[in-house]
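So this one's query-v4.txt, compact mmCIF, C-alpha atoms and all ligand atoms:
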```txt
# COMPACT_ATOMS: atom_id res chain seq x y z
CA MET A 24 13.33 21.48 -29.90
CA GLN A 25 10.98 23.88 -28.12
CA GLN A 26 11.86 24.49 -24.49
CA ARG A 27 9.86 24.21 -21.30
CA THR A 28 10.75 25.62 -17.91
CA LEU A 29 11.20 23.13 -15.12
CA GLY A 30 9.08 24.85 -12.48
CA SER A 31 10.81 26.82 -9.76
CA THR A 32 14.22 25.52 -10.85
CA GLY A 33 14.05 28.04 -13.69
CA LEU A 34 15.93 25.51 -15.81
CA ALA A 35 14.96 25.38 -19.48
CA VAL A 36 14.69 21.85 -20.86
CA GLY A 37 13.73 20.38 -24.21
CA ALA A 38 9.96 19.81 -24.23
CA ILE A 39 10.53 16.04 -24.41
CA GLY A 40 13.01 14.42 -22.04
CA LEU A 41 14.49 10.93 -22.00
CA GLY A 42 13.69 8.28 -19.39
CA CYS A 43 16.55 5.79 -19.13
CA MET A 44 15.00 3.14 -16.85
CA GLY A 45 14.14 0.63 -19.57
CA MET A 46 17.72 0.63 -20.84
CA SER A 47 18.76 -1.44 -17.80
CA PHE A 48 15.69 -2.41 -15.83
CA ALA A 49 12.09 -3.57 -15.85
CA TYR A 50 11.59 -4.19 -19.55
CA SER A 51 13.52 -7.38 -20.44
CA PRO A 52 16.73 -6.36 -18.65
CA ALA A 53 18.50 -9.53 -19.88
CA LYS A 54 18.22 -8.20 -23.43
CA ARG A 55 19.69 -4.78 -22.68
CA ASP A 56 22.27 -3.35 -25.04
CA ASP A 57 24.39 -0.79 -23.19
CA GLU A 58 26.35 0.38 -26.22
CA GLU A 59 23.18 1.07 -28.18
CA SER A 60 21.63 2.78 -25.15
CA ILE A 61 24.66 5.07 -24.91
CA ARG A 62 24.18 5.92 -28.58
CA VAL A 63 20.49 6.65 -27.89
CA ILE A 64 21.38 9.05 -25.07
CA GLY A 65 23.93 10.82 -27.28
CA ALA A 66 21.51 11.08 -30.18
CA ALA A 67 18.82 12.44 -27.87
CA ILE A 68 21.15 15.23 -26.72
CA ASP A 69 22.08 15.95 -30.36
CA LYS A 70 18.39 16.42 -31.08
CA GLY A 71 17.72 18.83 -28.24
CA VAL A 72 16.77 16.56 -25.33
CA THR A 73 18.18 17.98 -22.13
CA LEU A 74 16.23 16.32 -19.30
CA ILE A 75 17.78 12.89 -18.69
CA ASP A 76 16.09 10.77 -16.00
CA THR A 77 17.52 7.82 -14.08
CA ALA A 78 17.38 6.37 -10.52
CA ASP A 79 19.61 4.33 -8.22
CA VAL A 80 17.07 1.49 -8.10
CA TYR A 81 17.15 1.01 -11.89
CA GLY A 82 19.34 -2.07 -12.26
CA PRO A 83 19.75 -1.59 -9.32
CA PHE A 84 22.65 0.82 -9.82
CA THR A 85 23.58 -0.16 -13.39
CA ASN A 86 21.38 2.48 -15.01
CA GLU A 87 23.10 5.36 -13.21
CA LYS A 88 26.47 3.93 -14.27
CA LEU A 89 25.27 3.70 -17.86
CA VAL A 90 23.98 7.28 -17.82
CA GLY A 91 27.24 8.42 -16.23
CA ARG A 92 29.19 6.78 -19.07
CA ALA A 93 26.93 8.30 -21.71
CA LEU A 94 27.34 11.77 -20.21
CA ARG A 95 31.09 11.61 -19.62
CA ALA A 96 31.84 14.24 -22.24
CA ARG A 97 28.42 15.89 -22.26
CA ARG A 98 27.52 16.48 -18.63
CA ASP A 99 27.18 20.24 -19.11
CA GLU A 100 24.64 19.85 -21.91
CA VAL A 101 21.94 18.21 -19.81
CA VAL A 102 19.73 18.58 -16.79
CA LEU A 103 20.57 15.37 -14.97
CA ALA A 104 17.77 13.92 -12.86
CA SER A 105 18.11 10.92 -10.55
CA LYS A 106 16.15 9.46 -7.66
CA CYS A 107 16.61 7.76 -4.31
CA GLY A 108 14.23 6.22 -1.81
CA LEU A 109 13.49 2.83 -3.34
CA VAL A 110 15.63 -0.24 -2.71
CA VAL A 111 15.50 -3.87 -3.74
CA ARG A 112 15.05 -6.07 -0.66
CA ASP A 113 14.44 -9.83 -0.87
CA GLY A 114 13.59 -9.41 -4.54
CA ALA A 115 10.94 -6.74 -3.88
CA ILE A 116 11.19 -3.01 -4.57
CA VAL A 117 10.41 -1.20 -1.31
CA PRO A 118 10.59 2.41 -0.05
CA SER A 119 13.55 3.49 2.06
CA GLY A 120 13.23 7.10 3.20
CA ARG A 121 15.37 7.29 6.32
CA PRO A 122 17.58 10.39 6.35
CA ASP A 123 20.81 8.37 6.72
CA HIS A 124 19.86 6.23 3.74
CA ILE A 125 19.11 9.32 1.62
CA ARG A 126 22.45 10.93 2.42
CA ALA A 127 24.38 7.74 1.59
CA ALA A 128 22.33 7.13 -1.55
CA ALA A 129 23.15 10.60 -2.86
CA GLU A 130 26.87 10.08 -2.30
CA HIS A 131 26.74 6.80 -4.21
CA SER A 132 24.63 8.28 -7.02
CA LEU A 133 27.19 11.06 -7.51
CA GLN A 134 29.95 8.47 -7.81
CA ARG A 135 28.05 6.27 -10.26
CA LEU A 136 26.99 9.23 -12.37
CA GLY A 137 30.53 10.61 -12.36
CA THR A 138 29.38 14.11 -11.51
CA GLU A 139 29.90 16.61 -8.71
CA VAL A 140 26.28 17.66 -8.54
CA ILE A 141 22.90 16.23 -9.59
CA ASP A 142 20.62 18.88 -11.09
CA LEU A 143 17.37 17.30 -9.88
CA TYR A 144 17.26 14.66 -7.15
CA GLN A 145 13.87 13.07 -6.62
CA LEU A 146 12.42 11.11 -3.72
CA HIS A 147 11.21 8.07 -5.65
CA ARG A 148 8.49 7.14 -3.15
CA VAL A 149 7.42 8.43 0.23
CA ASP A 150 8.31 5.82 2.85
CA PRO A 151 5.18 5.10 4.93
CA ASP A 152 7.42 4.30 7.93
CA VAL A 153 9.25 7.66 7.90
CA PRO A 154 7.59 11.09 8.34
CA VAL A 155 7.76 12.80 4.95
CA GLU A 156 9.21 15.91 6.65
CA ASP A 157 12.19 13.81 7.81
CA SER A 158 12.91 12.36 4.36
CA TRP A 159 12.41 15.72 2.72
CA GLY A 160 14.58 17.45 5.35
CA ALA A 161 17.39 15.07 4.37
CA MET A 162 16.79 15.87 0.69
CA ALA A 163 16.96 19.61 1.51
CA GLU A 164 20.27 19.09 3.33
CA LEU A 165 21.71 17.68 0.10
CA VAL A 166 20.89 21.02 -1.56
CA THR A 167 22.59 22.91 1.28
CA ALA A 168 25.61 20.62 0.96
CA GLY A 169 25.85 21.40 -2.77
CA MET A 170 25.41 17.75 -3.76
CA VAL A 171 22.15 18.37 -5.64
CA ARG A 172 20.71 21.56 -7.10
CA HIS A 173 16.97 20.99 -6.81
CA ILE A 174 14.71 18.37 -5.27
CA GLY A 175 11.52 16.77 -6.50
CA MET A 176 9.06 14.08 -5.47
CA SER A 177 7.63 11.10 -7.31
CA GLU A 178 4.18 9.52 -6.90
CA ALA A 179 3.37 11.74 -3.92
CA THR A 180 -0.11 12.77 -2.78
CA VAL A 181 -1.04 16.43 -2.42
CA ASP A 182 -0.91 16.08 1.37
CA GLN A 183 2.62 14.72 1.18
CA LEU A 184 3.57 17.45 -1.28
CA ALA A 185 2.19 20.14 1.01
CA ALA A 186 4.04 18.76 4.04
CA ALA A 187 7.30 18.59 2.09
CA HIS A 188 6.87 22.00 0.50
CA ALA A 189 6.60 23.57 3.95
CA VAL A 190 10.15 22.29 4.62
CA HIS A 191 11.77 23.09 1.25
CA PRO A 192 10.31 23.94 -2.21
CA VAL A 193 9.20 20.92 -4.22
CA ALA A 194 10.63 21.82 -7.64
CA THR A 195 9.10 18.95 -9.61
CA VAL A 196 6.66 16.08 -9.24
CA GLN A 197 7.17 12.97 -11.34
CA SER A 198 4.26 10.58 -11.76
CA GLU A 199 2.61 8.47 -14.41
CA LEU A 200 0.60 10.49 -16.93
CA SER A 201 -0.59 9.40 -20.34
CA LEU A 202 -3.70 8.93 -22.42
CA TRP A 203 -4.58 5.89 -20.31
CA SER A 204 -3.34 7.12 -16.88
CA ARG A 205 -4.92 10.48 -16.12
CA ASP A 206 -5.59 10.41 -12.37
CA GLN A 207 -2.75 12.88 -11.67
CA LEU A 208 -4.73 15.54 -13.52
CA ASP A 209 -7.30 15.69 -10.71
CA LYS A 210 -5.23 16.98 -7.81
CA VAL A 211 -1.48 16.67 -8.31
CA VAL A 212 -1.10 18.60 -11.57
CA PRO A 213 -3.22 21.51 -10.19
CA TRP A 214 -1.09 21.44 -7.02
CA CYS A 215 2.03 21.72 -9.17
CA ARG A 216 0.61 24.68 -11.07
CA GLU A 217 -0.31 26.45 -7.86
CA HIS A 218 3.15 25.91 -6.35
CA ASN A 219 5.28 26.53 -9.45
CA ALA A 220 6.46 22.93 -9.59
CA ALA A 221 6.92 21.25 -12.96
CA PHE A 222 5.18 17.95 -13.59
CA ILE A 223 7.38 15.26 -15.17
CA ALA A 224 5.15 12.73 -16.94
CA TYR A 225 6.57 9.23 -16.71
CA SER A 226 5.49 6.28 -18.88
CA PRO A 227 3.86 8.71 -21.36
CA LEU A 228 3.66 5.88 -23.90
CA GLY A 229 1.79 3.68 -21.45
CA ARG A 230 4.93 1.54 -20.97
CA GLY A 231 4.83 0.89 -24.72
CA TYR A 232 1.20 -0.16 -25.00
CA LEU A 233 -0.05 3.12 -26.51
CA THR A 234 2.38 2.75 -29.43
CA GLY A 235 0.46 -0.31 -30.59
CA ALA A 236 3.62 -2.43 -30.56
CA LEU A 237 2.35 -4.79 -27.86
CA THR A 238 -0.71 -6.77 -28.79
CA LYS A 239 -0.11 -10.08 -26.99
CA ALA A 240 1.17 -10.90 -23.50
CA ASP A 241 3.56 -13.53 -24.87
CA GLN A 242 5.49 -10.77 -26.67
CA LEU A 243 6.92 -9.93 -23.25
CA GLU A 244 10.07 -11.80 -22.17
CA ALA A 245 9.97 -13.88 -18.99
CA ASP A 246 11.97 -11.22 -17.10
CA ASP A 247 9.73 -8.33 -18.20
CA TRP A 248 8.20 -6.51 -15.22
CA ARG A 249 5.08 -5.79 -17.26
CA ARG A 250 4.12 -9.49 -17.07
CA GLY A 251 2.96 -8.76 -13.53
CA ASN A 252 1.21 -5.48 -14.37
CA PRO A 253 -2.62 -5.57 -14.51
CA ARG A 254 -2.72 -3.85 -17.91
CA PHE A 255 -0.36 -6.34 -19.55
CA GLN A 256 -2.33 -9.50 -18.90
CA ALA A 257 -3.68 -11.38 -21.95
CA GLU A 258 -7.22 -10.26 -21.25
CA THR A 259 -6.50 -6.58 -20.56
CA ILE A 260 -4.15 -6.31 -23.53
CA ALA A 261 -6.96 -7.57 -25.72
CA ARG A 262 -9.72 -5.49 -24.16
CA ASN A 263 -7.70 -2.27 -24.32
CA GLN A 264 -7.27 -2.59 -28.08
CA ARG A 265 -10.24 -0.26 -28.56
CA ILE A 266 -8.12 2.50 -27.03
CA LEU A 267 -5.53 1.91 -29.73
CA ALA A 268 -8.19 2.16 -32.42
CA ALA A 269 -9.12 5.66 -31.19
CA ILE A 270 -5.46 6.74 -31.13
CA ASP A 271 -4.94 5.25 -34.58
CA ASP A 272 -7.80 7.30 -36.04
CA VAL A 273 -6.12 10.52 -34.92
CA ALA A 274 -2.70 9.29 -36.01
CA ARG A 275 -3.92 8.51 -39.53
CA ALA A 276 -5.67 11.87 -39.84
CA ARG A 277 -2.48 13.68 -38.83
CA SER A 278 -0.03 11.44 -40.76
CA ALA A 279 1.59 10.64 -37.45
CA THR A 280 2.23 7.47 -35.44
CA LYS A 281 0.36 6.36 -32.34
CA ALA A 282 3.46 7.03 -30.22
CA GLN A 283 3.59 10.59 -31.54
CA VAL A 284 -0.10 11.17 -30.81
CA ALA A 285 0.34 9.82 -27.27
CA LEU A 286 3.26 12.21 -26.64
CA ALA A 287 1.62 15.18 -28.36
CA TRP A 288 -1.42 14.65 -26.10
CA VAL A 289 0.77 14.97 -22.98
CA LEU A 290 2.52 18.03 -24.43
CA ALA A 291 -0.85 19.65 -25.22
CA LEU A 292 -2.01 19.38 -21.60
CA SER A 293 0.09 22.25 -20.33
CA GLU A 294 3.41 24.06 -20.76
CA ASP A 295 4.51 22.99 -17.28
CA ILE A 296 4.42 19.28 -18.08
CA VAL A 297 7.47 17.50 -19.51
CA PRO A 298 7.09 13.91 -20.74
CA ILE A 299 10.06 11.53 -20.45
CA PRO A 300 9.44 8.63 -22.84
CA GLY A 301 11.91 5.78 -22.67
CA THR A 302 13.46 3.78 -25.48
CA ARG A 303 16.49 1.65 -26.21
CA ARG A 304 16.25 2.19 -29.95
CA LEU A 305 17.44 5.05 -32.13
CA ILE A 306 14.54 4.59 -34.52
CA HIS A 307 12.00 4.96 -31.73
CA LEU A 308 13.88 7.95 -30.33
CA GLU A 309 13.60 9.78 -33.64
CA GLU A 310 9.92 8.95 -33.93
CA ASN A 311 9.22 10.09 -30.38
CA LEU A 312 11.10 13.37 -30.59
CA ALA A 313 9.25 14.33 -33.76
CA ALA A 314 6.13 14.50 -31.57
CA ALA A 315 7.41 17.84 -30.26
CA ASP A 316 6.30 19.33 -33.60
CA LEU A 317 2.87 17.69 -33.68
CA ARG A 318 0.11 20.08 -32.59
CA LEU A 319 -3.13 18.27 -31.91
CA THR A 320 -6.29 20.19 -32.80
CA ASP A 321 -9.27 20.64 -30.49
CA ALA A 322 -11.06 18.02 -32.57
CA ASP A 323 -8.13 15.58 -32.08
CA LEU A 324 -8.22 16.19 -28.34
CA ARG A 325 -11.97 15.66 -28.21
CA ALA A 326 -11.58 12.40 -30.10
CA LEU A 327 -8.96 11.21 -27.60
CA ASP A 328 -10.94 12.24 -24.54
CA PRO A 329 -13.25 9.20 -24.18
CA ILE A 330 -10.26 6.82 -24.07
CA ALA A 331 -9.96 7.42 -20.34
CA ASP A 332 -13.39 5.87 -19.76
CA HIS A 333 -12.50 2.63 -21.52
CA VAL A 334 -9.26 1.62 -19.80
CA VAL A 335 -9.34 -1.89 -18.36
CA GLY A 336 -6.91 -2.67 -15.52
CA ASP A 337 -5.19 -0.62 -12.81
CA ARG A 338 -1.91 1.10 -13.66
CA TYR A 339 -0.12 -0.88 -10.91
N1 LIG B 401 9.08 7.75 -11.01
C1 LIG B 401 8.69 6.53 -11.25
O1 LIG B 401 8.20 5.81 -10.37
C2 LIG B 401 8.82 5.99 -12.65
C3 LIG B 401 8.16 4.80 -13.03
C4 LIG B 401 8.30 4.37 -14.35
C5 LIG B 401 9.07 5.11 -15.24
N2 LIG B 401 9.71 6.24 -14.83
C6 LIG B 401 10.53 7.05 -15.74
O2 LIG B 401 9.81 7.31 -16.94
C7 LIG B 401 10.56 6.88 -18.05
C8 LIG B 401 9.65 6.43 -19.20
O3 LIG B 401 8.71 5.50 -18.76
P1 LIG B 401 8.65 3.98 -19.27
O4 LIG B 401 9.95 3.62 -19.91
O5 LIG B 401 8.14 3.21 -18.14
O6 LIG B 401 7.47 3.98 -20.31
P2 LIG B 401 7.15 4.63 -21.74
O7 LIG B 401 8.10 5.71 -22.04
O8 LIG B 401 5.71 4.93 -21.69
O9 LIG B 401 7.34 3.39 -22.72
C9 LIG B 401 8.58 2.76 -22.90
C10 LIG B 401 8.34 1.51 -23.71
O10 LIG B 401 7.83 1.88 -24.99
C11 LIG B 401 8.63 1.36 -26.03
N3 LIG B 401 8.71 2.41 -27.06
C12 LIG B 401 9.25 3.65 -26.94
N4 LIG B 401 9.07 4.35 -28.07
C13 LIG B 401 8.43 3.54 -28.93
C14 LIG B 401 7.97 3.70 -30.25
N5 LIG B 401 8.13 4.86 -30.89
N6 LIG B 401 7.34 2.65 -30.84
C15 LIG B 401 7.16 1.48 -30.19
N7 LIG B 401 7.57 1.27 -28.91
C16 LIG B 401 8.20 2.30 -28.29
C17 LIG B 401 9.97 1.08 -25.41
O11 LIG B 401 10.58 -0.01 -26.07
P3 LIG B 401 11.92 0.20 -26.95
O12 LIG B 401 13.02 0.31 -25.98
O13 LIG B 401 11.94 -1.01 -27.78
O14 LIG B 401 11.71 1.45 -27.76
C18 LIG B 401 9.58 0.70 -23.98
O15 LIG B 401 9.26 -0.66 -23.89
C19 LIG B 401 11.44 5.76 -17.48
O16 LIG B 401 12.56 5.53 -18.30
C20 LIG B 401 11.81 6.34 -16.14
O17 LIG B 401 12.86 7.28 -16.30
C21 LIG B 401 9.58 6.69 -13.55
```

Written as structure tokens, that's how I'd like the structure from this file.
Amino acid sequence: MQQRTLGSTGLAVGAIGLGCMGMSFAYSPAKRDDEESIRVIGAAIDKGVTLIDTADVYGPFTNEKLVGRALRARRDEVVLASKCGLVVRDGAIVPSGRPDHIRAAAEHSLQRLGTEVIDLYQLHRVDPDVPVEDSWGAMAELVTAGMVRHIGMSEATVDQLAAAHAVHPVATVQSELSLWSRDQLDKVVPWCREHNAAFIAYSPLGRGYLTGALTKADQLEADDWRRGNPRFQAETIARNQRILAAIDDVARARSATKAQVALAWVLALSEDIVPIPGTRRLIHLEENLAAADLRLTDADLRALDPIADHVVGDRY
């Protein structure tokens, strides 16, 4: 697979990474299949994926354990990324950015992942009750302590990024970016370019919607987080079908799938953006990774441009 450089880390990674969240969390967790997920992670590495993304809150905790198992004999082949700063409290996912929490979370993540060092540790959310400089200072101390190699932020504003960067370089920013979620292109992606931070594009398949596989709300299991998401309500699923029609036109013209077009669009944005699609299935993994070889033409990109104006529903 072609390589991309992960910002100021200087680390080369496969142009498409693997997001592991859905293997244990959010998308029908009761139906997870750990053994198959471990096979998916192994197959991804075989095919040139090197950026593997997880977080302590996924599960919570079970996803890091799963990733740790999958990497037991292959730790040196990947750039291992995890996150702290979100916790489950009274059934809700809430920020927790106190320095003592961050330090303890990193120690626990290292244990669950079965590794001595995490290559990229990301602050999952900025805690509104803790100055970002304090949370980020604690993240920087983890670098000094040798527990993590580089630190990144997730879903941060440019003001938060600037405040953090003044304390310690922000190596990466991870936020949602896809054909139907483009708001990060306005300020955050330019900030990244200016400060030599890589942008890690999460949910590049629109949490599955952009693949065309989800056409009705009742396809989602009762425990699927998307049931509460504005874009996965019966009405929005139906109204956003016109987006899929536009993607399908390009896919047919290029003998590709809608998932591949969605990923190729993210890849075409810039060399400093790395998408991390998630899947539990080998067949989807193969399909997704083939997108690394799909070059969209200017005409394809123009055809996909108006999609952004037709999205119904907020991304959260
Ligand atoms: N920083 C953050 O706050 C944050 C938030 C969300 C996600 N993330 C990260 O980003 C990663 C990816 O995001 P995501 O999992 O939310 O969304 P995504 O990659 O946009 O979509 C994943 C969904 O698409 C389905 N899918 C994947 N490939 C497919 C294909 N070729 N055809 C049909 N369906 C396909 C998957 O189902 P199958 O399993 O059936 O393939 C899954 O339901 C996560 O794993 C996580 O690491 C980070």

Write as a PDB file with C-alpha atoms, in the coordinates of the input the residues around ligand LIG 401 (chain B), taking 7 Å as the cut-off and counting all atoms listed in the file.
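Heads up, here's the output in pocket-v6.pdb:
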```
ATOM      1  CA  LEU A  41      14.490  10.930 -22.000  1.00  0.00           C
ATOM      2  CA  GLY A  42      13.690   8.280 -19.390  1.00  0.00           C
ATOM      3  CA  CYS A  43      16.550   5.790 -19.130  1.00  0.00           C
ATOM      4  CA  MET A  44      15.000   3.140 -16.850  1.00  0.00           C
ATOM      5  CA  GLY A  45      14.140   0.630 -19.570  1.00  0.00           C
ATOM      6  CA  MET A  46      17.720   0.630 -20.840  1.00  0.00           C
ATOM      7  CA  TYR A  50      11.590  -4.190 -19.550  1.00  0.00           C
ATOM      8  CA  ASP A  76      16.090  10.770 -16.000  1.00  0.00           C
ATOM      9  CA  THR A  77      17.520   7.820 -14.080  1.00  0.00           C
ATOM     10  CA  HIS A 147      11.210   8.070  -5.650  1.00  0.00           C
ATOM     11  CA  SER A 177       7.630  11.100  -7.310  1.00  0.00           C
ATOM     12  CA  GLU A 178       4.180   9.520  -6.900  1.00  0.00           C
ATOM     13  CA  GLN A 197       7.170  12.970 -11.340  1.00  0.00           C
ATOM     14  CA  SER A 198       4.260  10.580 -11.760  1.00  0.00           C
ATOM     15  CA  GLU A 199       2.610   8.470 -14.410  1.00  0.00           C
ATOM     16  CA  TYR A 225       6.570   9.230 -16.710  1.00  0.00           C
ATOM     17  CA  SER A 226       5.490   6.280 -18.880  1.00  0.00           C
ATOM     18  CA  PRO A 227       3.860   8.710 -21.360  1.00  0.00           C
ATOM     19  CA  LEU A 228       3.660   5.880 -23.900  1.00  0.00           C
ATOM     20  CA  GLY A 229       1.790   3.680 -21.450  1.00  0.00           C
ATOM     21  CA  ARG A 230       4.930   1.540 -20.970  1.00  0.00           C
ATOM     22  CA  GLY A 231       4.830   0.890 -24.720  1.00  0.00           C
ATOM     23  CA  TYR A 232       1.200  -0.160 -25.000  1.00  0.00           C
ATOM     24  CA  THR A 234       2.380   2.750 -29.430  1.00  0.00           C
ATOM     25  CA  GLY A 235       0.460  -0.310 -30.590  1.00  0.00           C
ATOM     26  CA  ALA A 236       3.620  -2.430 -30.560  1.00  0.00           C
ATOM     27  CA  ALA A 282       3.460   7.030 -30.220  1.00  0.00           C
ATOM     28  CA  ILE A 299      10.060  11.530 -20.450  1.00  0.00           C
ATOM     29  CA  PRO A 300       9.440   8.630 -22.840  1.00  0.00           C
ATOM     30  CA  GLY A 301      11.910   5.780 -22.670  1.00  0.00           C
ATOM     31  CA  THR A 302      13.460   3.780 -25.480  1.00  0.00           C
ATOM     32  CA  ARG A 303      16.490   1.650 -26.210  1.00  0.00           C
ATOM     33  CA  ARG A 304      16.250   2.190 -29.950  1.00  0.00           C
ATOM     34  CA  HIS A 307      12.000   4.960 -31.730  1.00  0.00           C
ATOM     35  CA  LEU A 308      13.880   7.950 -30.330  1.00  0.00           C
ATOM     36  CA  GLU A 310       9.920   8.950 -33.930  1.00  0.00           C
ATOM     37  CA  ASN A 311       9.220  10.090 -30.380  1.00  0.00           C
TER      38      ASN A 311
END
```

Gap from atom CA of Leu34 of chain A to atom CA of Ile68 of chain A - Å, one decimal =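 For atom CA of Leu34 of chain A relative to atom CA of Ile68 of chain A, the distance reads 15.9 Å.
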
Contacts of segment 109-126 of chain A at 12 Å (all atoms listed in the file; same-chain gap of 5+ positions) as a PDB file with C-alpha atoms, in the frame of the given file:
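In the end it all went to around-v8.pdb:
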```
ATOM      1  CA  ALA A  49      12.090  -3.570 -15.850  1.00  0.00           C
ATOM      2  CA  ALA A  78      17.380   6.370 -10.520  1.00  0.00           C
ATOM      3  CA  ASP A  79      19.610   4.330  -8.220  1.00  0.00           C
ATOM      4  CA  VAL A  80      17.070   1.490  -8.100  1.00  0.00           C
ATOM      5  CA  TYR A  81      17.150   1.010 -11.890  1.00  0.00           C
ATOM      6  CA  GLY A  82      19.340  -2.070 -12.260  1.00  0.00           C
ATOM      7  CA  PRO A  83      19.750  -1.590  -9.320  1.00  0.00           C
ATOM      8  CA  PHE A  84      22.650   0.820  -9.820  1.00  0.00           C
ATOM      9  CA  HIS A 131      26.740   6.800  -4.210  1.00  0.00           C
ATOM     10  CA  SER A 132      24.630   8.280  -7.020  1.00  0.00           C
ATOM     11  CA  LEU A 133      27.190  11.060  -7.510  1.00  0.00           C
ATOM     12  CA  TYR A 144      17.260  14.660  -7.150  1.00  0.00           C
ATOM     13  CA  GLN A 145      13.870  13.070  -6.620  1.00  0.00           C
ATOM     14  CA  LEU A 146      12.420  11.110  -3.720  1.00  0.00           C
ATOM     15  CA  HIS A 147      11.210   8.070  -5.650  1.00  0.00           C
ATOM     16  CA  ARG A 148       8.490   7.140  -3.150  1.00  0.00           C
ATOM     17  CA  VAL A 149       7.420   8.430   0.230  1.00  0.00           C
ATOM     18  CA  ASP A 150       8.310   5.820   2.850  1.00  0.00           C
ATOM     19  CA  PRO A 151       5.180   5.100   4.930  1.00  0.00           C
ATOM     20  CA  ASP A 152       7.420   4.300   7.930  1.00  0.00           C
ATOM     21  CA  VAL A 153       9.250   7.660   7.900  1.00  0.00           C
ATOM     22  CA  PRO A 154       7.590  11.090   8.340  1.00  0.00           C
ATOM     23  CA  VAL A 155       7.760  12.800   4.950  1.00  0.00           C
ATOM     24  CA  GLU A 156       9.210  15.910   6.650  1.00  0.00           C
ATOM     25  CA  ASP A 157      12.190  13.810   7.810  1.00  0.00           C
ATOM     26  CA  SER A 158      12.910  12.360   4.360  1.00  0.00           C
ATOM     27  CA  TRP A 159      12.410  15.720   2.720  1.00  0.00           C
ATOM     28  CA  GLY A 160      14.580  17.450   5.350  1.00  0.00           C
ATOM     29  CA  ALA A 161      17.390  15.070   4.370  1.00  0.00           C
ATOM     30  CA  MET A 162      16.790  15.870   0.690  1.00  0.00           C
ATOM     31  CA  ALA A 163      16.960  19.610   1.510  1.00  0.00           C
ATOM     32  CA  GLU A 164      20.270  19.090   3.330  1.00  0.00           C
ATOM     33  CA  LEU A 165      21.710  17.680   0.100  1.00  0.00           C
ATOM     34  CA  VAL A 166      20.890  21.020  -1.560  1.00  0.00           C
ATOM     35  CA  ALA A 168      25.610  20.620   0.960  1.00  0.00           C
ATOM     36  CA  MET A 170      25.410  17.750  -3.760  1.00  0.00           C
ATOM     37  CA  VAL A 171      22.150  18.370  -5.640  1.00  0.00           C
ATOM     38  CA  MET A 176       9.060  14.080  -5.470  1.00  0.00           C
ATOM     39  CA  SER A 177       7.630  11.100  -7.310  1.00  0.00           C
ATOM     40  CA  GLU A 178       4.180   9.520  -6.900  1.00  0.00           C
ATOM     41  CA  TRP A 248       8.200  -6.510 -15.220  1.00  0.00           C
TER      42      TRP A 248
END
```

What does the distance from atom CA of Ala287 of chain A to atom CA of Leu319 of chain A come to in Å, to one decimal?
-> 6.7 Å

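Taking all atoms listed in the file into account, the polymer residues that have an atom no farther than 10 Å from (16.1, 25.7, -28.5) are Met24, Gln25, Gln26, Arg27, Ala35, Val36, Gly37, Ala38, Lys70, Gly71 and Val72 of chain A.
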
Distance in Å - atom CA of Ser204 of chain A versus atom CA of Arg254 of chain A = 11.0 Å

Listed atoms of segment 125-139 of chain A boxed axis-aligned with 3 Å per side, centre + edges as AutoDock Vina command-line options:
```
--center_x 24.8 --center_y 11.4 --center_z -5.0 --size_x 17.4 --size_y 16.3 --size_z 20.8
```

For Cys215 of chain A, the nearest of the candidates A:Ala279, A:Ala66, A:Ile296, A:Leu200, counting all atoms listed in the file |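 When distances to Cys215 of chain A are compared using all atoms listed in the file, the smallest one comes from A:Ile296.
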